$ cat input10.csv   # CSV, C-alpha atoms
chain,number,residue,atom,x,y,z
Z,1,MET,CA,17.7,6.0,2.3
Z,2,ASP,CA,13.9,6.1,2.2
Z,3,ALA,CA,13.9,5.4,-1.5
Z,4,ALA,CA,15.4,1.9,-1.2
Z,5,LEU,CA,13.0,1.0,1.7
Z,6,VAL,CA,10.0,2.4,-0.2
Z,7,ARG,CA,10.9,0.3,-3.3
Z,8,GLN,CA,11.2,-2.8,-1.1
Z,9,ALA,CA,7.9,-2.0,0.7
Z,10,ARG,CA,6.1,-1.4,-2.5
Z,11,ALA,CA,7.3,-4.9,-3.6
Z,12,GLY,CA,5.5,-6.3,-0.5
Z,13,SER,CA,8.3,-6.2,2.2
Z,14,GLN,CA,6.6,-5.6,5.5
Z,15,THR,CA,10.1,-5.5,7.1
Z,16,ALA,CA,11.1,-2.6,4.9
Z,17,PHE,CA,7.9,-0.8,5.8
Z,18,ALA,CA,8.4,-1.5,9.5
Z,19,ARG,CA,11.8,0.2,9.1
Z,20,LEU,CA,10.1,3.3,7.5
Z,21,VAL,CA,7.6,3.4,10.4
Z,22,ALA,CA,10.5,3.2,12.9
Z,23,ILE,CA,12.3,6.1,11.1
Z,24,HIS,CA,9.3,8.4,10.8
Z,25,GLU,CA,6.9,7.7,13.6
Z,26,LYS,CA,8.5,9.9,16.3
Z,27,PRO,CA,8.8,13.0,14.3
Z,28,LEU,CA,5.4,12.5,12.7
Z,29,ARG,CA,3.7,12.0,16.1
Z,30,GLY,CA,5.6,14.9,17.5
Z,31,PHE,CA,4.5,17.1,14.6
Z,32,LEU,CA,0.8,16.1,15.0
Z,33,ARG,CA,0.9,16.7,18.7
Z,34,LYS,CA,2.6,20.1,18.4
Z,35,SER,CA,0.0,20.9,15.8
Z,36,GLY,CA,-2.7,20.4,18.4
Z,37,TRP,CA,-4.2,17.0,17.5
Z,38,ILE,CA,-4.9,15.2,20.7
Z,39,ASP,CA,-5.6,12.0,18.9
Z,40,ALA,CA,-2.2,12.3,17.2
Z,41,ASP,CA,-1.2,8.7,17.6
Z,42,ASP,CA,-4.4,7.4,16.0
Z,43,ILE,CA,-4.0,9.8,13.1
Z,44,ALA,CA,-0.4,8.8,12.7
Z,45,GLN,CA,-1.3,5.1,12.8
Z,46,GLU,CA,-4.0,5.6,10.2
Z,47,ALA,CA,-1.6,7.6,8.1
Z,48,PHE,CA,1.0,4.8,8.1
Z,49,VAL,CA,-1.6,2.2,7.1
Z,50,ALA,CA,-2.9,4.5,4.4
Z,51,ALA,CA,0.6,5.0,3.2
Z,52,TRP,CA,1.2,1.2,3.0
Z,53,ALA,CA,-2.0,0.8,0.9
Z,54,GLY,CA,-1.1,3.8,-1.3
Z,55,LEU,CA,2.6,3.3,-1.8
Z,56,HIS,CA,2.0,2.7,-5.5
Z,57,LYS,CA,0.7,6.3,-5.8
Z,58,LEU,CA,4.0,7.8,-4.6
Z,59,ARG,CA,5.8,9.0,-7.7
Z,60,ASP,CA,9.1,10.1,-6.1
Z,61,ASP,CA,10.5,7.5,-3.7
Z,62,GLU,CA,12.8,10.1,-2.2
Z,63,GLY,CA,9.8,12.3,-1.3
Z,64,PHE,CA,8.3,9.7,1.0
Z,65,ARG,CA,8.5,11.8,4.1
Z,66,ALA,CA,6.7,14.8,2.6
Z,67,TRP,CA,4.1,12.5,1.1
Z,68,LEU,CA,3.6,10.7,4.4
Z,69,TYR,CA,3.1,14.0,6.3
Z,70,GLY,CA,0.6,15.1,3.6
Z,71,VAL,CA,-1.4,11.9,4.1
Z,72,ALA,CA,-1.3,12.4,7.9
Z,73,TRP,CA,-2.3,16.1,7.6
Z,74,ARG,CA,-5.3,15.3,5.4
Z,75,LYS,CA,-6.3,12.5,7.9
Z,76,ALA,CA,-5.9,15.1,10.7
Z,77,LEU,CA,-8.2,17.6,9.0
Z,78,SER,CA,-10.8,14.9,8.3
Z,79,HIS,CA,-10.7,14.0,12.0
Z,80,ARG,CA,-11.6,17.5,13.0
Z,81,ARG,CA,-14.7,17.7,15.1
Z,82,GLY,CA,-15.9,20.6,17.2
Z,83,ALA,CA,-16.4,18.6,20.3
Z,84,GLN,CA,-13.1,16.8,20.0
Z,85,ARG,CA,-11.3,20.2,19.7
Z,86,ALA,CA,-13.0,21.4,22.9
Z,87,ALA,CA,-12.1,18.2,24.7
Z,88,ALA,CA,-8.6,18.5,23.4
Z,89,ARG,CA,-8.0,21.8,25.2
Z,90,ASP,CA,-8.6,20.0,28.5
Z,91,GLU,CA,-6.4,17.1,27.7
Z,92,ALA,CA,-3.6,19.0,26.0
Z,93,TRP,CA,-1.4,19.1,29.0
Z,94,ARG,CA,-1.7,15.3,29.5
Z,95,GLY,CA,-0.8,14.8,25.9
Z,96,GLU,CA,2.2,17.1,26.1
Z,97,GLN,CA,3.5,15.2,29.1
Z,98,GLU,CA,4.2,12.2,26.8
Z,99,LEU,CA,6.7,14.2,24.8
Z,100,GLU,CA,10.4,14.2,25.5
Z,101,THR,CA,10.7,17.7,26.9
Z,102,ALA,CA,13.7,19.8,25.7
Z,103,ALA,CA,15.9,20.8,28.6
Z,104,GLU,CA,16.7,24.1,26.9
Z,105,VAL,CA,13.2,25.4,27.5
Z,106,GLY,CA,12.3,26.5,31.0
Z,107,PRO,CA,8.9,25.7,32.6
Z,108,GLU,CA,7.6,29.3,32.3
Z,109,ASP,CA,8.6,29.6,28.6
Z,110,ARG,CA,7.1,26.2,28.0
Z,111,MET,CA,3.7,27.1,29.4
Z,112,ALA,CA,3.8,30.4,27.5
Z,113,LEU,CA,4.7,28.7,24.3
Z,114,GLU,CA,2.1,26.0,24.7
Z,115,GLY,CA,-0.6,28.7,25.2
Z,116,ALA,CA,0.6,30.7,22.3
Z,117,LEU,CA,0.9,27.7,20.0
Z,118,ALA,CA,-2.7,26.7,20.8
Z,119,THR,CA,-3.9,30.1,19.6
Z,120,LEU,CA,-2.2,29.9,16.2
Z,121,PRO,CA,-4.4,28.8,13.3
Z,122,GLU,CA,-3.8,25.1,12.5
Z,123,ASP,CA,-2.1,25.7,9.2
Z,124,GLN,CA,0.2,28.2,10.8
Z,125,ARG,CA,0.9,25.9,13.7
Z,126,ALA,CA,1.8,23.0,11.3
Z,127,CYS,CA,4.1,25.3,9.2
Z,128,VAL,CA,5.9,26.6,12.3
Z,129,THR,CA,6.3,23.1,13.7
Z,130,LEU,CA,7.7,21.6,10.6
Z,131,CYS,CA,10.0,24.5,9.5
Z,132,LEU,CA,11.3,25.6,12.9
Z,133,GLY,CA,11.0,22.4,14.9
Z,134,GLN,CA,11.9,19.8,12.4
Z,135,GLY,CA,14.0,21.8,10.0
Z,136,TRP,CA,12.0,21.3,6.9
Z,137,SER,CA,12.4,23.7,3.9
Z,138,HIS,CA,9.4,26.0,3.0
Z,139,ALA,CA,9.1,24.1,-0.3
Z,140,GLU,CA,8.9,20.7,1.5
Z,141,VAL,CA,6.1,22.0,3.8
Z,142,SER,CA,4.3,23.5,0.8
Z,143,ASP,CA,4.5,20.2,-0.9
Z,144,ALA,CA,3.4,18.1,2.1
Z,145,LEU,CA,0.5,20.3,3.3
Z,146,GLY,CA,-0.7,21.4,-0.1
Z,147,LEU,CA,-0.3,25.1,0.7
Z,148,PRO,CA,1.1,27.8,-1.6
Z,149,LEU,CA,4.8,28.5,-1.0
Z,150,GLY,CA,4.1,32.2,-0.2
Z,151,THR,CA,1.5,31.2,2.4
Z,152,VAL,CA,4.0,28.8,4.1
Z,153,LYS,CA,6.6,31.5,4.3
Z,154,SER,CA,4.2,34.1,5.8
Z,155,HIS,CA,2.8,31.5,8.2
Z,156,VAL,CA,6.3,30.7,9.5
Z,157,THR,CA,7.3,34.4,9.8
Z,158,ARG,CA,4.2,35.4,11.6
Z,159,GLY,CA,4.1,32.3,13.8
Z,160,ARG,CA,7.7,32.7,14.8
Z,161,GLU,CA,7.2,36.3,15.7
Z,162,ARG,CA,4.2,35.5,17.9
Z,163,LEU,CA,6.0,32.7,19.6
Z,164,LEU,CA,9.1,34.7,20.2
Z,165,ALA,CA,7.1,37.6,21.5
Z,166,VAL,CA,5.5,35.3,24.1
Z,167,MET,CA,8.9,34.0,25.1
Z,168,GLY,CA,10.4,37.4,25.4
Z,169,GLY,CA,7.3,38.5,27.4
Z,170,SER,CA,7.7,35.8,30.0
Z,171,ARG,CA,11.1,36.9,31.0
T,1,MET,CA,21.3,29.8,23.8
T,2,SER,CA,19.2,32.1,21.7
T,3,LEU,CA,15.4,32.4,21.8
T,4,ASP,CA,15.3,30.9,18.3
T,5,ASP,CA,17.2,27.8,19.5
T,6,GLN,CA,14.9,27.4,22.4
T,7,LEU,CA,11.9,27.7,20.2
T,8,ALA,CA,13.3,25.1,17.8
T,9,ALA,CA,13.9,22.8,20.7
T,10,PHE,CA,10.4,23.2,21.9
T,11,LEU,CA,8.8,22.7,18.5
T,12,GLY,CA,11.0,19.7,17.7
T,13,GLU,CA,10.1,17.7,20.8
T,14,THR,CA,9.1,14.1,20.0
T,15,PRO,CA,7.3,11.4,21.9
T,16,ARG,CA,9.1,9.3,24.5
T,17,GLN,CA,11.1,6.3,23.2
T,18,SER,CA,9.3,3.9,25.5
T,19,ARG,CA,6.1,4.2,23.5
T,20,ALA,CA,7.8,4.1,20.1
T,21,ASP,CA,8.2,0.3,19.9
T,22,LEU,CA,4.6,-0.2,21.0
T,23,PHE,CA,3.4,2.3,18.4
T,24,SER,CA,5.4,0.6,15.6
T,25,ALA,CA,4.1,-2.8,16.6
T,26,GLU,CA,0.5,-1.5,16.5
T,27,VAL,CA,1.1,0.0,13.1
T,28,MET,CA,2.6,-3.2,11.7
T,29,LYS,CA,-0.3,-5.2,13.2
T,30,ALA,CA,-2.8,-2.9,11.4
T,31,VAL,CA,-0.7,-3.3,8.2
T,32,GLU,CA,-0.8,-7.1,8.5
T,33,ARG,CA,-4.6,-7.0,9.1
T,34,ARG,CA,-4.9,-4.8,5.9
T,35,VAL,CA,-2.7,-7.3,3.9
T,36,PHE,CA,-4.8,-10.2,5.2
T,37,ILE,CA,-8.1,-8.5,4.3
T,38,ASP,CA,-6.7,-7.6,0.8
T,39,ARG,CA,-5.7,-11.2,0.3
T,40,LEU,CA,-9.1,-12.4,1.5
T,41,TRP,CA,-10.8,-10.1,-1.0
T,42,THR,CA,-8.6,-11.4,-3.8
T,43,VAL,CA,-9.3,-15.0,-2.9
T,44,ALA,CA,-13.0,-14.3,-2.6
T,45,ALA,CA,-13.0,-12.6,-6.0
T,46,GLY,CA,-11.1,-15.6,-7.5
T,47,ALA,CA,-13.5,-18.0,-6.0
T,48,VAL,CA,-16.5,-16.1,-7.4
T,49,ALA,CA,-14.8,-16.0,-10.8
T,50,ILE,CA,-14.1,-19.7,-10.8
T,51,GLY,CA,-17.7,-20.4,-9.6
T,52,LEU,CA,-19.1,-18.3,-12.5
T,53,VAL,CA,-16.9,-20.2,-15.0
T,54,LEU,CA,-18.0,-23.6,-13.6
T,55,TRP,CA,-21.6,-22.5,-13.6
T,56,ALA,CA,-21.3,-21.3,-17.2
T,57,CYS,CA,-19.7,-24.6,-18.2
T,58,ALA,CA,-22.1,-26.8,-16.2
T,59,PRO,CA,-23.8,-28.5,-19.1
T,60,VAL,CA,-20.5,-29.6,-20.6
T,61,LEU,CA,-19.1,-30.6,-17.2
T,62,ASP,CA,-22.2,-32.6,-16.4
T,63,LEU,CA,-21.7,-34.7,-19.6
T,64,ALA,CA,-18.0,-35.2,-18.8
T,65,VAL,CA,-18.6,-36.2,-15.2
T,66,SER,CA,-21.4,-38.6,-16.2
T,67,ARG,CA,-19.1,-40.3,-18.6
T,68,LEU,CA,-16.0,-40.5,-16.3
T,69,ALA,CA,-17.8,-41.2,-13.0
T,70,PRO,CA,-18.5,-44.9,-13.5
T,71,SER,CA,-14.8,-45.7,-14.4
T,72,LEU,CA,-13.5,-43.5,-11.5
T,73,ALA,CA,-15.8,-44.7,-8.9
T,74,PRO,CA,-13.6,-47.6,-7.6
T,75,VAL,CA,-10.6,-45.3,-7.3
T,76,ALA,CA,-12.6,-42.7,-5.5
T,77,ALA,CA,-13.9,-45.3,-3.1
T,78,LEU,CA,-10.4,-46.6,-2.4
T,79,LEU,CA,-9.1,-43.1,-1.8
T,80,THR,CA,-12.0,-42.3,0.5
T,81,PHE,CA,-11.2,-45.5,2.5
T,82,VAL,CA,-7.5,-44.7,2.8
T,83,GLY,CA,-8.3,-41.1,3.8
T,84,ALA,CA,-10.7,-42.3,6.5
T,85,ALA,CA,-8.2,-44.8,7.8
T,86,MET,CA,-5.5,-42.1,8.1
T,87,ILE,CA,-7.7,-39.7,9.8
T,88,ALA,CA,-8.9,-42.3,12.2
T,89,GLY,CA,-5.4,-43.6,12.9
T,90,GLY,CA,-4.1,-40.1,13.7
T,91,PRO,CA,-0.5,-39.0,13.7
T,92,GLY,CA,0.8,-42.5,14.4
T,93,VAL,CA,-0.4,-43.7,11.0
T,94,TRP,CA,1.1,-40.6,9.3
T,95,ARG,CA,4.5,-41.3,10.9
T,96,ARG,CA,4.5,-44.9,10.0
T,97,LEU,CA,3.8,-44.0,6.4
T,98,GLY,CA,6.6,-41.4,6.5
T,99,LEU,CA,4.2,-38.6,5.9
T,100,SER,CA,4.6,-36.8,9.2
T,101,ILE,CA,5.4,-33.1,9.0
T,102,GLY,CA,7.8,-31.5,11.4
$ encode --input "input10.csv" --output "structure tokens"
Amino acid sequence: MDAALVRQARAGSQTAFARLVAIHEKPLRGFLRKSGWIDADDIAQEAFVAAWAGLHKLRDDEGFRAWLYGVAWRKALSHRRGAQRAAARDEAWRGEQELETAAEVGPEDRMALEGALATLPEDQRACVTLCLGQGWSHAEVSDALGLPLGTVKSHVTRGRERLLAVMGGSR
Amino acid sequence: MSLDDQLAAFLGETPRQSRADLFSAEVMKAVERRVFIDRLWTVAAGAVAIGLVLWACAPVLDLAVSRLAPSLAPVAALLTFVGAAMIAGGPGVWRRLGLSIG
């Protein structure tokens, strides 16, 4: 589905690109927020604009999603500032409020998970969010984030264990 | 519901729909701005290129213009007069000449 829209967008169709934005913006912003970036919306917006400008660099049209997330991830890493990260801790709760909260997760578990997620290294947090939260394969995540496949697998395994331990512990 | 399912639900949370349209609009506005700036650069580069060509050809063009100018002067004067009249007359004149747009 993405491939046809990517081809049209590459030919200059802003309507097709708007469709791609509509398809991918929510999961991308969700991923960036869960990965701990408080300025997630700005990063996502910059990533989309960069994607529009760099569509000609995309070799596999079907791989648009992984490519877009890779662009966003590199943008996020370049946004990293010590002061911003400190301020982000204070505003994290406010940022989380803007997400559609899953009814399946109770308030205690949610607080425990948010705390535990914030303590994970950023690579691990991103791997866990994409694989466990958005159902990506390890290979897709490896491709998008530019991490070795083995690293992605170990990040997901360790991250999952730590998060599940926190959930179990809050009961 | 298993702990894994709850974890997946938590990690898969996405922003509220109410902000989605606004976000998309902002992105497309930024894209349009980008397209506009790209076009502006293209046009500017084209203008510079044409300017350079004209500058390089200036001696030849000077000769051509100096030969053609005397014979074209009456036509140019007439066109200038008509143009001035149309601008001074405003849309009413345009309509009467059948040149109105829209």
$ atom_distance --input "input10.csv" --atom1 "atom CA of Gly30 of chain Z" --atom2 "atom CA of Leu11 of chain T"
8.5 Å
$ residues_around --input "input10.csv" --residues "segment 2-7 of chain T" --least-positions-apart "6" --cutoff "9 Å" --atoms "only C-alpha atoms" --output "PyMOL selection string"
chain Z and resi 102+104-105+113+132-133+160+163-164+167-168
$ interface_residues --input "input10.csv" --of "chain T" --to "chain Z" --cutoff "8 Å" --atoms "only C-alpha atoms" --output "VMD selection string"
chain T and resid 1 3 to 4 6 to 16 20 to 21 23 to 24 26 to 28 30 to 31 34
$ closest_residue --input "input10.csv" --among "Z:Ala72, Z:Ala144, Z:Leu55, Z:Val152" --to "Ser13 of chain Z" --atoms "all atoms listed in the file"
Z:Leu55
$ atom_distance --input "input10.csv" --atom1 "atom CA of Val53 of chain T" --atom2 "atom CA of Asp38 of chain T"
22.6 Å
$ atom_distance --input "input10.csv" --atom1 "atom CA of Trp73 of chain Z" --atom2 "atom CA of Gln8 of chain Z"
24.8 Å
$ build_atoms --input "input10.csv" --residues "segment 50-67 of chain Z" --atoms "N, CA and C atoms" --output "JSON list (two decimals), in the frame of the given file"
[["chain", "number", "residue", "atom", "x", "y", "z"],
["Z", 50, "ALA", "N", -2.54, 3.91, 5.68],
["Z", 50, "ALA", "CA", -2.90, 4.50, 4.40],
["Z", 50, "ALA", "C", -1.73, 4.56, 3.45],
["Z", 51, "ALA", "N", -0.58, 4.89, 4.03],
["Z", 51, "ALA", "CA", 0.60, 5.00, 3.20],
["Z", 51, "ALA", "C", 1.02, 3.62, 2.67],
["Z", 52, "TRP", "N", 0.90, 2.59, 3.50],
["Z", 52, "TRP", "CA", 1.20, 1.20, 3.00],
["Z", 52, "TRP", "C", 0.29, 0.87, 1.84],
["Z", 53, "ALA", "N", -1.00, 1.19, 2.01],
["Z", 53, "ALA", "CA", -2.00, 0.80, 0.90],
["Z", 53, "ALA", "C", -1.76, 1.68, -0.30],
["Z", 54, "GLY", "N", -1.23, 2.89, -0.12],
["Z", 54, "GLY", "CA", -1.10, 3.80, -1.30],
["Z", 54, "GLY", "C", 0.26, 4.02, -1.78],
["Z", 55, "LEU", "N", 1.19, 3.13, -1.42],
["Z", 55, "LEU", "CA", 2.60, 3.30, -1.80],
["Z", 55, "LEU", "C", 2.74, 3.39, -3.36],
["Z", 56, "HIS", "N", 1.86, 2.70, -4.06],
["Z", 56, "HIS", "CA", 2.00, 2.70, -5.50],
["Z", 56, "HIS", "C", 1.64, 4.09, -6.11],
["Z", 57, "LYS", "N", 1.00, 4.94, -5.29],
["Z", 57, "LYS", "CA", 0.70, 6.30, -5.80],
["Z", 57, "LYS", "C", 1.82, 7.26, -5.64],
["Z", 58, "LEU", "N", 2.81, 6.88, -4.85],
["Z", 58, "LEU", "CA", 4.00, 7.80, -4.60],
["Z", 58, "LEU", "C", 4.85, 7.76, -5.85],
["Z", 59, "ARG", "N", 5.03, 8.95, -6.45],
["Z", 59, "ARG", "CA", 5.80, 9.00, -7.70],
["Z", 59, "ARG", "C", 7.30, 9.09, -7.41],
["Z", 60, "ASP", "N", 7.67, 9.95, -6.45],
["Z", 60, "ASP", "CA", 9.10, 10.10, -6.10],
["Z", 60, "ASP", "C", 9.41, 9.42, -4.83],
["Z", 61, "ASP", "N", 10.17, 8.34, -4.93],
["Z", 61, "ASP", "CA", 10.50, 7.50, -3.70],
["Z", 61, "ASP", "C", 11.22, 8.35, -2.67],
["Z", 62, "GLU", "N", 12.04, 9.29, -3.13],
["Z", 62, "GLU", "CA", 12.80, 10.10, -2.20],
["Z", 62, "GLU", "C", 11.87, 11.07, -1.42],
["Z", 63, "GLY", "N", 10.71, 11.32, -1.98],
["Z", 63, "GLY", "CA", 9.80, 12.30, -1.30],
["Z", 63, "GLY", "C", 8.81, 11.57, -0.39],
["Z", 64, "PHE", "N", 9.19, 10.41, 0.11],
["Z", 64, "PHE", "CA", 8.30, 9.70, 1.00],
["Z", 64, "PHE", "C", 7.86, 10.45, 2.21],
["Z", 65, "ARG", "N", 8.84, 11.13, 2.83],
["Z", 65, "ARG", "CA", 8.50, 11.80, 4.10],
["Z", 65, "ARG", "C", 7.46, 12.91, 3.86],
["Z", 66, "ALA", "N", 7.66, 13.76, 2.84],
["Z", 66, "ALA", "CA", 6.70, 14.80, 2.60],
["Z", 66, "ALA", "C", 5.32, 14.23, 2.24],
["Z", 67, "TRP", "N", 5.34, 13.15, 1.46],
["Z", 67, "TRP", "CA", 4.10, 12.50, 1.10],
["Z", 67, "TRP", "C", 3.36, 11.93, 2.29]]
